[in-house]
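Colleague: CSV, C-alpha atoms, file entry-v8.csv:
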chain,number,residue,atom,x,y,z
A,1,MET,CA,11.3,-51.3,-8.0
A,2,LYS,CA,9.7,-47.9,-7.8
A,3,ALA,CA,9.1,-46.4,-4.3
A,4,PHE,CA,6.9,-43.5,-3.2
A,5,CYS,CA,7.3,-41.4,0.0
A,6,GLY,CA,4.6,-39.7,2.0
A,7,ILE,CA,5.3,-37.3,4.9
A,8,ASP,CA,2.8,-36.3,7.5
A,9,TRP,CA,4.3,-33.1,8.8
A,10,ALA,CA,3.9,-31.4,12.2
A,11,SER,CA,5.6,-28.5,14.0
A,12,ASP,CA,8.3,-30.6,15.8
A,13,HIS,CA,8.3,-34.0,14.1
A,14,HIS,CA,7.3,-35.7,10.9
A,15,ASP,CA,6.0,-39.2,10.1
A,16,VAL,CA,7.5,-40.8,7.0
A,17,ALA,CA,6.2,-43.8,5.1
A,18,LEU,CA,7.6,-45.5,1.9
A,19,VAL,CA,5.5,-47.9,-0.3
A,20,ASP,CA,6.3,-49.8,-3.4
A,21,GLY,CA,4.4,-50.0,-6.7
A,22,ASP,CA,1.9,-52.5,-5.1
A,23,GLY,CA,1.3,-50.4,-2.1
A,24,LYS,CA,3.3,-52.5,0.3
A,25,LEU,CA,5.0,-50.7,3.1
A,26,LEU,CA,8.7,-50.6,2.6
A,27,GLY,CA,9.7,-48.5,5.6
A,28,ARG,CA,8.5,-46.0,8.1
A,29,ALA,CA,10.1,-43.5,10.6
A,30,ARG,CA,9.4,-40.5,12.7
A,31,ILE,CA,12.0,-37.8,12.2
A,32,GLY,CA,12.6,-34.5,14.0
A,33,ASP,CA,12.3,-31.1,12.4
A,34,ASP,CA,16.0,-30.5,12.3
A,35,ALA,CA,19.1,-31.3,10.3
A,36,ALA,CA,19.4,-34.7,12.0
A,37,GLY,CA,15.8,-35.5,11.0
A,38,LEU,CA,16.5,-34.5,7.4
A,39,GLN,CA,19.6,-36.7,7.2
A,40,GLN,CA,17.6,-39.6,8.7
A,41,LEU,CA,15.0,-39.1,5.9
A,42,LEU,CA,17.6,-39.0,3.2
A,43,ASP,CA,19.2,-42.1,4.5
A,44,LEU,CA,15.9,-43.9,4.5
A,45,LEU,CA,15.3,-42.9,0.9
A,46,ALA,CA,18.8,-44.0,-0.1
A,47,GLU,CA,18.2,-47.5,1.5
A,48,HIS,CA,15.3,-48.0,-0.9
A,49,GLY,CA,17.0,-47.0,-4.2
A,50,ASP,CA,17.0,-43.2,-4.1
A,51,ASN,CA,19.9,-41.8,-6.2
A,52,PRO,CA,20.5,-38.6,-8.2
A,53,GLY,CA,19.5,-40.2,-11.4
A,54,ASP,CA,16.2,-41.7,-10.1
A,55,GLN,CA,14.9,-39.9,-7.1
A,56,ILE,CA,12.0,-41.0,-5.0
A,57,PRO,CA,9.0,-38.6,-5.2
A,58,VAL,CA,7.7,-37.1,-2.0
A,59,ALA,CA,4.1,-36.1,-1.1
A,60,ILE,CA,3.4,-33.7,1.8
A,61,GLU,CA,0.5,-31.5,2.8
A,62,THR,CA,2.3,-28.2,2.7
A,63,SER,CA,4.4,-26.2,0.2
A,64,ARG,CA,6.4,-24.3,2.8
A,65,GLY,CA,8.8,-24.9,5.6
A,66,LEU,CA,12.5,-25.8,5.9
A,67,LEU,CA,11.8,-29.5,5.2
A,68,VAL,CA,10.1,-28.7,1.9
A,69,ALA,CA,12.8,-26.2,1.0
A,70,CYS,CA,15.6,-28.7,1.6
A,71,LEU,CA,13.8,-31.5,-0.3
A,72,ARG,CA,13.2,-29.1,-3.2
A,73,SER,CA,16.9,-28.1,-3.2
A,74,THR,CA,17.9,-31.7,-3.9
A,75,GLY,CA,15.9,-31.6,-7.2
A,76,ARG,CA,13.5,-34.4,-6.3
A,77,PRO,CA,9.8,-34.3,-7.3
A,78,VAL,CA,7.8,-32.8,-4.3
A,79,TYR,CA,4.0,-32.8,-4.4
A,80,ALA,CA,2.0,-30.5,-2.1
A,81,VAL,CA,-1.3,-32.4,-1.7
A,82,ASN,CA,-4.3,-30.4,-0.6
A,83,PRO,CA,-5.3,-31.6,3.0
A,84,MET,CA,-8.9,-31.9,1.9
A,85,ALA,CA,-7.9,-34.1,-1.0
A,86,ALA,CA,-5.8,-36.3,1.4
A,87,ALA,CA,-8.8,-36.6,3.7
A,88,ARG,CA,-10.9,-38.0,0.9
A,89,TYR,CA,-8.2,-40.5,0.0
A,90,ARG,CA,-8.1,-41.6,3.6
A,91,GLU,CA,-11.6,-42.9,3.3
A,92,ARG,CA,-10.4,-45.3,0.6
A,93,HIS,CA,-8.2,-47.1,3.2
A,94,THR,CA,-10.5,-47.1,6.2
A,95,VAL,CA,-14.2,-46.9,6.7
A,96,SER,CA,-14.0,-46.6,10.4
A,97,ARG,CA,-12.7,-43.1,10.1
A,98,LYS,CA,-9.7,-43.9,12.3
A,99,LYS,CA,-6.8,-41.6,12.0
A,100,SER,CA,-3.1,-41.6,12.9
A,101,ASP,CA,0.0,-39.9,11.7
A,102,HIS,CA,1.4,-43.1,10.2
A,103,LEU,CA,-1.8,-43.7,8.3
A,104,ASP,CA,-1.8,-40.2,6.9
A,105,ALA,CA,1.8,-40.7,5.7
A,106,MET,CA,0.7,-44.0,4.1
A,107,VAL,CA,-2.2,-42.3,2.4
A,108,LEU,CA,0.1,-39.6,0.9
A,109,ALA,CA,2.5,-42.2,-0.4
A,110,ASN,CA,-0.3,-44.1,-2.0
A,111,ILE,CA,-1.6,-40.9,-3.6
A,112,LEU,CA,1.6,-40.7,-5.6
A,113,ARG,CA,1.5,-44.4,-6.4
A,114,THR,CA,-2.0,-44.2,-7.9
A,115,ASP,CA,-2.7,-40.6,-8.9
A,116,ALA,CA,0.5,-38.7,-9.2
A,117,ASP,CA,-0.5,-37.2,-12.6
A,118,ALA,CA,-3.6,-35.7,-11.0
A,119,HIS,CA,-1.6,-33.6,-8.6
A,120,ARG,CA,0.6,-30.6,-9.1
A,121,GLN,CA,4.3,-31.0,-8.5
A,122,LEU,CA,6.0,-28.0,-6.8
A,123,PRO,CA,7.7,-26.0,-9.5
A,124,ALA,CA,11.4,-25.7,-9.8
A,125,ASP,CA,11.5,-21.9,-9.6
A,126,SER,CA,14.8,-20.1,-9.6
A,127,GLU,CA,16.3,-18.8,-6.4
A,128,LEU,CA,15.6,-15.2,-7.5
A,129,ALA,CA,12.0,-16.0,-8.2
A,130,GLN,CA,11.5,-17.6,-4.8
A,131,ALA,CA,13.1,-14.6,-3.1
A,132,VAL,CA,10.7,-12.3,-5.0
A,133,ALA,CA,7.8,-14.5,-3.9
A,134,VAL,CA,8.8,-14.1,-0.2
A,135,LEU,CA,9.0,-10.3,-0.4
A,136,ALA,CA,6.0,-9.8,-2.6
A,137,ARG,CA,3.7,-11.9,-0.5
A,138,ALA,CA,5.0,-10.3,2.7
A,139,GLN,CA,4.3,-6.9,1.2
A,140,GLN,CA,0.8,-7.9,0.3
A,141,ASP,CA,0.2,-9.2,3.8
A,142,ALA,CA,1.6,-5.9,5.2
A,143,VAL,CA,-0.9,-4.0,3.0
A,144,TRP,CA,-3.7,-6.0,4.3
A,145,ASP,CA,-2.5,-5.4,7.9
A,146,ARG,CA,-2.3,-1.7,7.1
A,147,THR,CA,-5.9,-1.7,5.9
A,148,ARG,CA,-7.1,-3.5,9.0
A,149,ALA,CA,-5.2,-1.2,11.3
A,150,GLY,CA,-6.4,1.9,9.4
A,151,ASN,CA,-10.0,0.7,9.6
A,152,LYS,CA,-9.8,0.1,13.4
A,153,LEU,CA,-8.3,3.6,13.9
A,154,ARG,CA,-10.9,5.3,11.7
A,155,SER,CA,-13.7,3.5,13.5
A,156,HIS,CA,-12.3,4.6,16.8
A,157,LEU,CA,-12.0,8.2,15.7
A,158,ARG,CA,-15.6,8.3,14.7
A,159,GLU,CA,-16.6,7.6,18.3
A,160,TYR,CA,-15.0,10.8,19.7
A,161,PHE,CA,-13.1,12.8,17.1
A,162,PRO,CA,-15.2,13.1,13.8
A,163,GLY,CA,-13.8,16.6,13.2
A,164,TYR,CA,-10.3,15.1,12.6
A,165,LEU,CA,-11.7,12.7,9.9
A,166,ALA,CA,-13.4,15.6,8.2
A,167,ALA,CA,-10.2,17.7,8.3
A,168,VAL,CA,-8.1,15.0,6.6
A,169,GLN,CA,-10.7,13.7,4.2
A,170,PRO,CA,-9.7,16.2,1.4
A,171,ILE,CA,-6.1,14.9,1.7
A,172,THR,CA,-5.3,12.4,-1.1
A,173,GLY,CA,-4.6,9.1,0.6
A,174,GLY,CA,-6.4,9.8,3.8
A,175,LEU,CA,-4.9,8.2,6.9
A,176,ASN,CA,-2.2,6.6,4.9
A,177,VAL,CA,-0.5,9.9,4.2
A,178,PRO,CA,2.2,10.9,6.7
A,179,LEU,CA,0.6,14.3,7.2
A,180,ALA,CA,-2.6,12.8,8.6
A,181,ARG,CA,-0.7,10.5,11.0
A,182,THR,CA,1.6,13.3,12.1
A,183,LEU,CA,-1.3,15.6,12.8
A,184,LEU,CA,-3.1,13.0,14.9
A,185,ALA,CA,0.1,12.3,16.9
A,186,ALA,CA,0.4,16.0,17.7
A,187,ALA,CA,-3.3,16.4,18.7
A,188,PRO,CA,-5.1,13.1,19.5
A,189,THR,CA,-8.2,14.8,21.1
A,190,PRO,CA,-10.6,17.6,19.9
A,191,ARG,CA,-9.5,19.8,22.8
A,192,GLN,CA,-5.8,19.6,21.8
A,193,ALA,CA,-6.5,20.0,18.1
A,194,ALA,CA,-8.5,23.2,18.7
A,195,ARG,CA,-5.6,24.7,20.6
A,196,LEU,CA,-3.1,24.2,17.8
A,197,SER,CA,-1.8,27.5,16.6
A,198,ARG,CA,-0.9,28.3,13.0
A,199,ILE,CA,2.8,28.1,13.9
A,200,GLN,CA,2.3,24.7,15.4
A,201,LEU,CA,0.3,23.5,12.3
A,202,LYS,CA,3.0,24.8,10.1
A,203,ALA,CA,5.6,22.8,12.0
A,204,VAL,CA,3.4,19.7,11.8
A,205,LEU,CA,3.2,20.0,8.0
A,206,LYS,CA,7.0,20.5,7.6
A,207,ARG,CA,7.6,17.6,9.9
A,208,ALA,CA,5.4,15.4,7.7
A,209,GLY,CA,7.4,16.4,4.6
A,210,ARG,CA,5.0,19.0,3.1
A,211,GLN,CA,6.9,21.5,0.9
A,212,ARG,CA,4.2,23.3,-1.2
A,213,GLY,CA,1.0,25.1,-0.3
A,214,ILE,CA,1.8,25.1,3.3
A,215,GLU,CA,0.2,28.4,4.1
A,216,ALA,CA,-3.1,27.5,2.5
A,217,GLU,CA,-3.2,24.1,4.1
A,218,VAL,CA,-2.4,25.7,7.5
A,219,GLU,CA,-5.4,28.0,7.2
A,220,ARG,CA,-7.7,25.1,6.1
A,221,LEU,CA,-6.7,22.9,9.0
A,222,HIS,CA,-6.8,25.7,11.5
A,223,ALA,CA,-10.4,26.4,10.5
A,224,MET,CA,-11.5,22.7,10.2
A,225,LEU,CA,-10.1,21.7,13.6
A,226,ARG,CA,-12.2,24.5,15.3
A,227,VAL,CA,-15.5,23.5,13.8
A,228,PRO,CA,-18.0,22.6,16.7
A,229,GLN,CA,-18.7,18.9,17.0
A,230,MET,CA,-20.2,16.5,19.5
A,231,ARG,CA,-17.9,15.7,22.3
A,232,GLN,CA,-17.3,12.9,24.9
A,233,LEU,CA,-16.9,13.7,28.6
A,234,PRO,CA,-13.5,15.2,29.3
A,235,LEU,CA,-11.9,12.2,31.0
A,236,VAL,CA,-13.5,9.8,28.5
A,237,GLU,CA,-12.2,12.0,25.7
A,238,THR,CA,-8.7,11.9,27.1
A,239,ALA,CA,-8.8,8.2,27.6
A,240,MET,CA,-9.9,7.7,24.0
A,241,GLY,CA,-7.1,9.9,22.8
A,242,ARG,CA,-4.6,7.6,24.5
A,243,GLN,CA,-6.2,4.6,22.8
A,244,ALA,CA,-6.0,6.4,19.5
A,245,LEU,CA,-2.3,6.9,20.0
A,246,ALA,CA,-1.9,3.2,20.7
A,247,LEU,CA,-3.8,2.3,17.5
A,248,LEU,CA,-1.8,4.9,15.6
A,249,GLY,CA,1.4,3.2,16.7
A,250,LYS,CA,0.2,-0.1,15.2
A,251,PHE,CA,-0.9,1.7,12.0
A,252,GLU,CA,2.5,3.5,11.7
A,253,ALA,CA,4.3,0.1,12.0
A,254,ALA,CA,2.1,-1.4,9.3
A,255,CYS,CA,2.6,1.5,7.0
A,256,ALA,CA,6.4,1.4,7.5
A,257,ALA,CA,6.5,-2.4,6.9
A,258,ALA,CA,4.4,-2.1,3.7
A,259,ASP,CA,6.6,0.7,2.3
A,260,SER,CA,9.9,-1.1,3.2
A,261,LEU,CA,8.8,-4.4,1.7
A,262,ALA,CA,7.5,-2.7,-1.4
A,263,GLU,CA,10.9,-1.1,-2.0
A,264,ALA,CA,12.7,-4.4,-1.4
A,265,SER,CA,10.3,-6.3,-3.7
A,266,VAL,CA,10.7,-3.9,-6.5
A,267,GLU,CA,14.5,-3.9,-6.2
A,268,LEU,CA,14.7,-7.6,-6.4
A,269,PHE,CA,12.0,-8.0,-9.1
A,270,GLU,CA,13.8,-5.6,-11.4
A,271,GLN,CA,16.8,-8.0,-11.4
A,272,HIS,CA,14.7,-10.9,-12.8
A,273,PRO,CA,14.9,-11.6,-16.6
A,274,ASP,CA,11.0,-11.7,-16.8
A,275,ALA,CA,10.6,-8.2,-15.3
A,276,ALA,CA,10.8,-6.4,-18.7
A,277,VAL,CA,8.1,-8.7,-20.2
A,278,ILE,CA,5.8,-8.5,-17.3
A,279,THR,CA,6.0,-4.7,-16.8
A,280,SER,CA,5.4,-4.2,-20.6
A,281,PHE,CA,1.8,-5.0,-20.0
A,282,PRO,CA,-0.6,-2.1,-19.5
A,283,GLY,CA,-1.7,-1.7,-15.9
A,284,LEU,CA,1.3,-3.7,-14.4
A,285,GLY,CA,4.0,-1.7,-12.5
A,286,ALA,CA,7.0,-3.0,-10.7
A,287,LEU,CA,5.2,-3.9,-7.5
A,288,SER,CA,2.1,-5.5,-9.1
A,289,GLY,CA,4.5,-7.2,-11.5
A,290,ALA,CA,6.4,-8.6,-8.6
A,291,ARG,CA,3.2,-10.1,-7.2
A,292,VAL,CA,2.4,-11.7,-10.5
A,293,LEU,CA,5.9,-13.3,-10.8
A,294,ALA,CA,5.6,-14.4,-7.1
A,295,GLU,CA,2.6,-16.5,-7.9
A,296,ILE,CA,3.3,-17.9,-11.4
A,297,GLY,CA,7.0,-18.4,-10.9
A,298,ASP,CA,9.5,-18.7,-13.8
A,299,GLU,CA,9.4,-22.4,-14.6
A,300,ARG,CA,7.9,-22.5,-18.0
A,301,SER,CA,6.7,-26.1,-17.8
A,302,ARG,CA,4.5,-25.3,-14.7
A,303,PHE,CA,1.5,-24.4,-16.9
A,304,ALA,CA,1.0,-26.6,-19.9
A,305,ASP,CA,-1.0,-23.9,-21.7
A,306,ALA,CA,-2.7,-20.6,-21.1
A,307,LYS,CA,-5.9,-22.4,-20.0
A,308,ALA,CA,-4.0,-23.9,-17.0
A,309,LEU,CA,-2.7,-20.5,-16.0
A,310,LYS,CA,-6.2,-19.0,-16.2
A,311,ALA,CA,-7.7,-21.8,-14.1
A,312,TYR,CA,-4.9,-21.3,-11.5
A,313,ALA,CA,-5.6,-17.6,-11.4
A,314,GLY,CA,-9.4,-18.1,-11.1
A,315,SER,CA,-10.3,-16.0,-14.2
A,316,ALA,CA,-11.6,-19.0,-16.2
A,317,PRO,CA,-15.2,-20.1,-15.3
A,318,VAL,CA,-16.2,-23.6,-14.1
A,319,THR,CA,-18.9,-25.6,-15.8
A,320,ARG,CA,-21.1,-28.0,-13.9
A,321,ALA,CA,-23.2,-30.3,-16.0
A,322,SER,CA,-25.3,-33.2,-14.8
A,323,GLY,CA,-28.3,-34.5,-16.7
A,324,LYS,CA,-30.4,-31.6,-17.9
A,325,SER,CA,-28.6,-29.2,-15.6
A,326,HIS,CA,-25.8,-27.1,-17.2
A,327,THR,CA,-24.3,-24.2,-15.2
A,328,VAL,CA,-21.3,-21.9,-15.8
A,329,MET,CA,-20.0,-20.5,-12.5
A,330,VAL,CA,-17.3,-18.4,-11.1
A,331,ARG,CA,-14.2,-20.3,-10.0
A,332,ARG,CA,-13.9,-20.2,-6.3
A,333,VAL,CA,-10.9,-22.5,-5.8
A,334,LYS,CA,-8.0,-20.4,-7.1
A,335,ASN,CA,-4.8,-18.6,-6.1
A,336,GLN,CA,-6.3,-15.8,-4.0
A,337,ARG,CA,-3.2,-13.7,-4.2
A,338,LEU,CA,-3.0,-13.9,-8.0
A,339,ALA,CA,-6.7,-13.1,-8.2
A,340,ALA,CA,-6.3,-10.1,-6.0
A,341,VAL,CA,-3.5,-8.6,-8.1
A,342,GLY,CA,-5.5,-9.5,-11.2
A,343,TYR,CA,-8.3,-7.3,-10.2
A,344,VAL,CA,-6.0,-4.3,-9.8
A,345,TRP,CA,-4.2,-5.2,-13.1
A,346,ALA,CA,-7.4,-5.3,-15.1
A,347,PHE,CA,-8.8,-2.1,-13.5
A,348,ALA,CA,-5.6,-0.2,-14.2
A,349,SER,CA,-5.4,-1.4,-17.8
A,350,LEU,CA,-8.7,0.3,-18.6
A,351,THR,CA,-6.9,3.7,-18.7
A,352,ALA,CA,-3.6,2.4,-20.0
A,353,SER,CA,-4.8,0.3,-23.0
A,354,PRO,CA,-7.4,1.4,-25.6
A,355,GLY,CA,-7.9,-2.3,-26.5
A,356,ALA,CA,-8.5,-3.3,-23.0
A,357,ARG,CA,-11.0,-0.5,-22.6
A,358,ALA,CA,-12.8,-1.5,-25.8
A,359,HIS,CA,-12.9,-5.1,-24.6
A,360,TYR,CA,-14.4,-4.2,-21.3
A,361,ASP,CA,-17.0,-1.9,-22.8
A,362,ARG,CA,-18.0,-4.6,-25.3
A,363,ARG,CA,-18.5,-7.1,-22.5
A,364,ARG,CA,-20.6,-4.5,-20.6
A,365,LYS,CA,-22.8,-3.9,-23.6
A,366,THR,CA,-23.5,-7.7,-23.8
A,367,GLY,CA,-24.9,-7.7,-20.3
A,368,ASP,CA,-21.9,-8.4,-18.1
A,369,ARG,CA,-21.7,-6.7,-14.7
A,370,HIS,CA,-18.6,-4.8,-13.9
A,371,THR,CA,-16.9,-7.6,-12.0
A,372,SER,CA,-17.7,-10.2,-14.7
A,373,ALA,CA,-16.4,-7.9,-17.5
A,374,GLN,CA,-13.3,-7.1,-15.5
A,375,ARG,CA,-12.6,-10.8,-14.8
A,376,ASN,CA,-13.1,-11.6,-18.6
A,377,LEU,CA,-10.5,-8.9,-19.4
A,378,TYR,CA,-8.1,-10.3,-16.8
A,379,ASN,CA,-8.6,-13.7,-18.5
A,380,ARG,CA,-7.7,-12.2,-21.8
A,381,LEU,CA,-4.6,-10.5,-20.4
A,382,LEU,CA,-3.4,-13.7,-18.7
A,383,GLY,CA,-3.5,-15.5,-22.1
A,384,CYS,CA,-1.3,-12.8,-23.6
A,385,LEU,CA,1.0,-13.0,-20.6
A,386,HIS,CA,1.5,-16.7,-21.0
A,387,HIS,CA,2.3,-16.3,-24.7
A,388,CYS,CA,4.7,-13.4,-24.1
A,389,LEU,CA,6.6,-15.2,-21.3
A,390,ALA,CA,6.8,-18.4,-23.3
A,391,ASN,CA,8.3,-16.6,-26.3
A,392,GLY,CA,10.2,-13.9,-24.4
A,393,THR,CA,8.5,-11.1,-26.3
A,394,PRO,CA,7.1,-7.9,-24.7
A,395,TYR,CA,3.4,-6.9,-24.9
A,396,SER,CA,2.0,-5.7,-28.2
A,397,GLU,CA,-1.3,-3.7,-28.2
A,398,THR,CA,-2.1,-4.6,-31.8
A,399,THR,CA,-1.4,-8.3,-31.2
A,400,ALA,CA,-3.4,-8.5,-28.0
A,401,PHE,CA,-6.4,-6.6,-29.3
A,402,PRO,CA,-6.3,-6.7,-33.1
A,403,THR,CA,-8.7,-4.5,-35.0
A,404,ALA,CA,-10.1,-5.9,-38.3
A,405,PRO,CA,-9.9,-3.7,-41.4
A,406,LYS,CA,-13.1,-2.0,-42.4
A,407,LEU,CA,-13.1,-3.9,-45.7
A,408,GLU,CA,-13.2,-7.2,-44.0
A,409,LEU,CA,-15.9,-6.1,-41.7
A,410,SER,CA,-18.1,-5.1,-44.6
A,411,ARG,CA,-17.7,-8.5,-46.2
A,412,CYS,CA,-18.8,-10.2,-43.0
A,413,PHE,CA,-22.1,-8.3,-43.2
Would you encode the structure as structure tokens?
Modeller:
Amino acid sequence: MKAFCGIDWASDHHDVALVDGDGKLLGRARIGDDAAGLQQLLDLLAEHGDNPGDQIPVAIETSRGLLVACLRSTGRPVYAVNPMAAARYRERHTVSRKKSDHLDAMVLANILRTDADAHRQLPADSELAQAVAVLARAQQDAVWDRTRAGNKLRSHLREYFPGYLAAVQPITGGLNVPLARTLLAAAPTPRQAARLSRIQLKAVLKRAGRQRGIEAEVERLHAMLRVPQMRQLPLVETAMGRQALALLGKFEAACAAADSLAEASVELFEQHPDAAVITSFPGLGALSGARVLAEIGDERSRFADAKALKAYAGSAPVTRASGKSHTVMVRRVKNQRLAAVGYVWAFASLTASPGARAHYDRRRKTGDRHTSAQRNLYNRLLGCLHHCLANGTPYSETTAFPTAPKLELSRCF
């Protein structure tokens, strides 16, 4: 008798339901979110035929957490069902729209009983790949936090200290550069900045790590910080300077976190066997390659073909056809992290690969906008990546973007 398990998870407890092949309830329990609760779940599964050779599959509405990690470590099939999909399934069991934790667990168990093939099983990625995913995603979050913190600081500086923004604008990297942050910490108000001497500015540059062109930069900053500008009232200006230092502290922390996590991600990614294949692609470095590996994993059976990978990444379009209506649209439901790194990857490949540049230009000439042409290029590169990872071969420019001989082209015309 085949059994199916559904778990409705919460922060401190989980409701479990087991059903048989006919949908009959075999057992139910409420377990705690601790080691004792996990053992209680494993005992319940064992009572209904769970064994290492024939493990009972589990459906749950999340792919993260200690419970999911422990269940995956046992090697059993674990399905992360989208909560929106589970809500639609619930309507098949009740039309009164009633809801309970036990009912949700029953719904999840019945999803596996009826439509397991329609849902994605959590991949059995290696421990190294899972560790890379943790660091790469954390680094991407830190970069987004850094961007938000930088935008808040920049917006605040516009309200009382536009001269500072004009002074650091020529510096490559803007506020992200240590020099810009060190200068603001030394003089957070226009009055303090105008009083900085050349000796003090030179000390600021050295403290920020500047080694070349110090004298020229000191003269430029000395002149820029003394350019007349609109000013707030003295007390208001001082108060806004204190606020700027508080925002700068958050920005410094976000920058430090992003840099530290980037270093850790690259170090771990370079230990993975797929690193050489991934970084052989034009436009993919160690950090962006770590983000790609974090989202696609290293289980080869996860994507049946290149089309499945392209749909997961959101580069493949969606066709909606009904009656006389036929529309090809951009895919909105996708892995947002993989789509984000794909945009950077495709953009960087334009200068690193002649074939990628020719493909992009060809799409632009046919009427595609920049975003559409870039997405199409990303779609092409993903197909090449799937092939190279499946065969363990590095990227080849002539294979990815072959050029037909002139003789063959003349025959076509």
Colleague: Between A:Ala124, A:Val68, A:Met329, A:Ala340, which one has atoms that come closest to Asp298 in chain A, using all atoms listed in the file?
Modeller: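 Among the listed residues, A:Ala124 lies closest to Asp298 in chain A.
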Colleague: Grab the CA of Ile171 in chain A to CA of Asp145 in chain A distance for me, in Å with one decimal place.
Modeller: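 Value for the CA of Ile171 in chain A-CA of Asp145 in chain A distance: 21.5 Å.
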Colleague: Could you check the closest approach to Arg302 in chain A for each of A:Ala258, A:Val107, A:Leu122, A:Leu245 and tell me which residue wins, using all atoms listed in the file?
Modeller: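 For Arg302 in chain A, the nearest of the candidates is A:Leu122.
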Colleague: Give me the residues within 12 Å of Ala129 in chain A as number ranges by chain, counting all atoms listed in the file and dropping any in the same chain fewer than 4 places off.
Modeller: A: 123-125, 133-136, 265, 268-275, 290-299
Colleague: Between A:Asp33, A:Arg90, A:Ala85, A:Ile111, which has the minimum distance to Ala59 in chain A (counting only C-alpha atoms)?
Modeller: A:Ile111
Colleague: What's around range 178-191 of chain A at 7 Å? Count all atoms listed in the file, leave out sequence neighbours fewer than 5 positions away in its own chain, and write the answer as a list in words.
Modeller: Phe161, Val168, Val204, Leu205, Ala208, Glu237, Thr238, Gly241, Ala244 and Leu245 of chain A
Colleague: How would the residues just picked look written out with C-alpha atoms as a PDB file, keeping the file's coordinate frame?
Modeller:
ATOM      1  CA  PHE A 161     -13.100  12.800  17.100  1.00  0.00           C
ATOM      2  CA  VAL A 168      -8.100  15.000   6.600  1.00  0.00           C
ATOM      3  CA  VAL A 204       3.400  19.700  11.800  1.00  0.00           C
ATOM      4  CA  LEU A 205       3.200  20.000   8.000  1.00  0.00           C
ATOM      5  CA  ALA A 208       5.400  15.400   7.700  1.00  0.00           C
ATOM      6  CA  GLU A 237     -12.200  12.000  25.700  1.00  0.00           C
ATOM      7  CA  THR A 238      -8.700  11.900  27.100  1.00  0.00           C
ATOM      8  CA  GLY A 241      -7.100   9.900  22.800  1.00  0.00           C
ATOM      9  CA  ALA A 244      -6.000   6.400  19.500  1.00  0.00           C
ATOM     10  CA  LEU A 245      -2.300   6.900  20.000  1.00  0.00           C
TER      11      LEU A 245
END
Colleague: Give me, please, the distance in Å between CA of Gln243 in chain A and CA of Leu153 in chain A, quoted to one decimal.
Modeller: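 These two atoms are separated by 9.2 Å.
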Colleague: Just to confirm, what's the straight-line distance from CA of Gln229 in chain A to CA of Pro162 in chain A in Å (one decimal)?
Modeller: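 Between these atoms lies a distance of 7.5 Å.
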Colleague: Of the candidates A:Leu382, A:Asp50, A:Gln200, A:Asp8, which one gets nearest to Lys99 in chain A if we count only C-alpha atoms?
Modeller: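 Checking each candidate against Lys99 in chain A, we get A:Asp8 as the closest.
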Colleague: With distances taken over all atoms listed in the file, which of A:Ala216, A:Leu221, A:Ala346, A:Leu71 is nearest to Leu201 in chain A?
Modeller: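 For Leu201 in chain A, the nearest of the candidates is A:Leu221.
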Colleague: Which polymer residues have any atom within 7 Å of an atom of Pro57 in chain A, counting only C-alpha atoms, with same-chain residues fewer than 3 positions away left out, as a list in words?
Modeller: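 Answer for this query is Phe4, Cys5, Arg76, Pro77 and Val78 of chain A.
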Colleague: Using C-alpha atoms, can you write the selected residues to a file as a PDB file, in the frame of the given file?
Modeller:
ATOM      1  CA  PHE A   4       6.900 -43.500  -3.200  1.00  0.00           C
ATOM      2  CA  CYS A   5       7.300 -41.400   0.000  1.00  0.00           C
ATOM      3  CA  ARG A  76      13.500 -34.400  -6.300  1.00  0.00           C
ATOM      4  CA  PRO A  77       9.800 -34.300  -7.300  1.00  0.00           C
ATOM      5  CA  VAL A  78       7.800 -32.800  -4.300  1.00  0.00           C
TER       6      VAL A  78
END
Colleague: Taking into account only C-alpha atoms, which residue in the set A:Ala193, A:Leu67, A:Val81, A:Leu284 is nearest to Ala35 in chain A?
Modeller: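 Closest residue, counting only C-alpha atoms: A:Leu67.
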Colleague: Please identify all polymer residues within 12 Å of Trp144 in chain A, counting all atoms listed in the file, omitting same-chain residues fewer than 4 positions from it, and present them as a VMD selection string.
Modeller: chain A and resid 137 to 140 148 to 151 251 254 to 255 257 to 258 337 340
Colleague: For Gly65 in chain A, work out the shell of residues within 10 Å, counting all atoms listed in the file and skipping chain neighbours fewer than 5 positions away, then give it as an MDAnalysis selection string.
Modeller: chainID A and resid 9 11 33 70
Colleague: Restricted to C-alpha atoms, what would the selected residues look like written as a PDB file, in the coordinates of the input?
Modeller:
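Everything below was put into selection-v5.pdb:
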ATOM      1  CA  TRP A   9       4.300 -33.100   8.800  1.00  0.00           C
ATOM      2  CA  SER A  11       5.600 -28.500  14.000  1.00  0.00           C
ATOM      3  CA  ASP A  33      12.300 -31.100  12.400  1.00  0.00           C
ATOM      4  CA  CYS A  70      15.600 -28.700   1.600  1.00  0.00           C
TER       5      CYS A  70
END
